[in-house]
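S.K.: Structure in structure tokens, see below.
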Amino acid sequence: MGITVALSNPQMGEKIGANIGPVREVDIYEIKDSGQFVKVLVELNIKKPLLSGILVGSKKDGITWVDFRYEKLPQFCYRCGQIGHEEDMCKHKVEQRNGDESTEHELGP
């Protein structure tokens with residue numbers, strides 16, 4: 001899911017990126033036949049799990065989920081969202097609402 005053209009601007013990219021960490025750079029990219037997307041370079045606190053995305057907007061204008069995609073991460077666990085180990089070495093159990101262990105990874109493959 002992408003974000004609307006109205007949200008694809010540097011100012012909104014900076015506001016959204018600030019939810020992850022301090023923003024260092026914001027760029028707009030255009031892909032032929034796919035539209036625009038915002039790429040934001042942020043500093044991460046590697047002791048905290050990564051966010052899969054956030055809700056943006058208002059009741060008046062509508063609320064939209066914005067997916068986050070991460071690049072150039074060192075050892076990253078798609079199970080718990082933390083940097084420093086991979087899934088096969090993860091000590092965290094991710095439970096579904098029914099109490100069973102989840103095999104889905106909302107942060108990646």
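By convention in this document, the chains of the structure tokens carry letters A, B, ... by their order, each chain's residues are numbered from 1, and ligands are numbered from 1 in the order they are shown.
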Just want the 12 Å neighbourhood of Gln75 (chain A), counted on only C-alpha atoms, with same-chain residues fewer than 6 positions away dropped. Output as a ChimeraX atom specification.
M.R.: /A:46,81-90
S.K.: Quick one: write out the picked residues with N, CA, C and O atoms as a short mmCIF file (atom, residue, chain, number, x, y, z; two decimals), in the first residue's frame?
M.R.:
```cif
data_model
loop_
_atom_site.label_atom_id
_atom_site.label_comp_id
_atom_site.auth_asym_id
_atom_site.auth_seq_id
_atom_site.Cartn_x
_atom_site.Cartn_y
_atom_site.Cartn_z
N ILE A 46 18.91 1.22 17.88
CA ILE A 46 18.92 -0.21 17.57
C ILE A 46 18.50 -1.08 18.76
O ILE A 46 18.36 -2.30 18.61
N GLY A 81 11.71 -7.81 15.21
CA GLY A 81 11.96 -6.45 14.75
C GLY A 81 13.21 -5.80 15.30
O GLY A 81 13.40 -4.60 15.15
N GLN A 82 14.09 -6.57 15.92
CA GLN A 82 15.28 -5.97 16.50
C GLN A 82 16.51 -6.23 15.65
O GLN A 82 16.61 -7.25 14.96
N ILE A 83 17.44 -5.30 15.74
CA ILE A 83 18.72 -5.41 15.05
C ILE A 83 19.71 -6.08 15.98
O ILE A 83 19.69 -5.84 17.19
N GLY A 84 20.59 -6.92 15.44
CA GLY A 84 21.62 -7.54 16.26
C GLY A 84 21.61 -9.05 16.20
O GLY A 84 22.56 -9.69 16.64
N HIS A 85 20.54 -9.63 15.69
CA HIS A 85 20.47 -11.08 15.49
C HIS A 85 19.48 -11.35 14.36
O HIS A 85 18.70 -10.49 13.99
N GLU A 86 19.54 -12.56 13.82
CA GLU A 86 18.61 -12.96 12.77
C GLU A 86 17.56 -13.89 13.37
O GLU A 86 17.68 -14.35 14.50
N GLU A 87 16.53 -14.16 12.58
CA GLU A 87 15.36 -14.91 13.07
C GLU A 87 15.72 -16.26 13.69
O GLU A 87 15.16 -16.63 14.72
N ASP A 88 16.66 -16.98 13.10
CA ASP A 88 16.99 -18.30 13.62
C ASP A 88 17.67 -18.24 14.99
O ASP A 88 17.73 -19.24 15.71
N MET A 89 18.14 -17.06 15.40
CA MET A 89 18.77 -16.89 16.72
C MET A 89 17.86 -16.11 17.67
O MET A 89 18.29 -15.75 18.77
N CYS A 90 16.61 -15.87 17.29
CA CYS A 90 15.70 -15.04 18.08
C CYS A 90 15.23 -15.76 19.34
O CYS A 90 14.81 -16.91 19.29
#
```
S.K.: Using only C-alpha atoms, determine which residues lie at most 8 Å from Val40 (chain A), disregarding the query and same-chain residues fewer than 6 positions distant; provide the list as a list of chain:residue names.
M.R.: A:Gly13, A:Glu14, A:Gly17, A:Val23, A:Arg24, A:Glu25, A:Val26, A:Asp27
S.K.: Can you tell me which residues surround region 48-59 of chain A at a distance of at most 8 Å, considering only C-alpha atoms, apart from same-chain residues fewer than 5 positions away, and format the answer as a PyMOL selection string?
M.R.: chain A and resi 20+64-69+80-83+106-107
S.K.: I'd like to know which of A:Ile63, A:His92, A:Lys15, A:Glu30 is closest to Val42 (chain A), using only C-alpha atoms.
M.R.: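 Looking only at the distances to Val42 (chain A), the closest residue turns out to be A:Lys15.
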S.K.: Rank nothing, just name the residue among A:Gln11, A:Glu43, A:Ile16, A:Phe76 nearest to Ile28 (chain A), using only C-alpha atoms.
M.R.: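 Under the stated criterion, the closest residue is A:Gln11.
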S.K.: Quick check for you: according to DSSP on this backbone, which residues of region 10-96 of chain A are classed as strand (DSSP E)? Reply as a list in words.
M.R.: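 Across region 10-96 of chain A, those assigned strand (DSSP E) are Val23, Arg24, Glu25, Val26, Asp27, Ile28, Tyr29, Glu30, Ile31, Gly35, Gln36, Phe37, Val38, Lys39, Val40, Leu41, Val42, Gly53, Ile54, Leu55, Val56, Gly57, Ser58, Gly62, Ile63, Thr64, Trp65, Val66 and Asp67 of chain A.
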S.K.: Please compute the CA of Leu44 (chain A)-CA of Cys77 (chain A) distance, one decimal, in Å.
M.R.: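 Result for CA of Leu44 (chain A) versus CA of Cys77 (chain A): 14.9 Å, one decimal.
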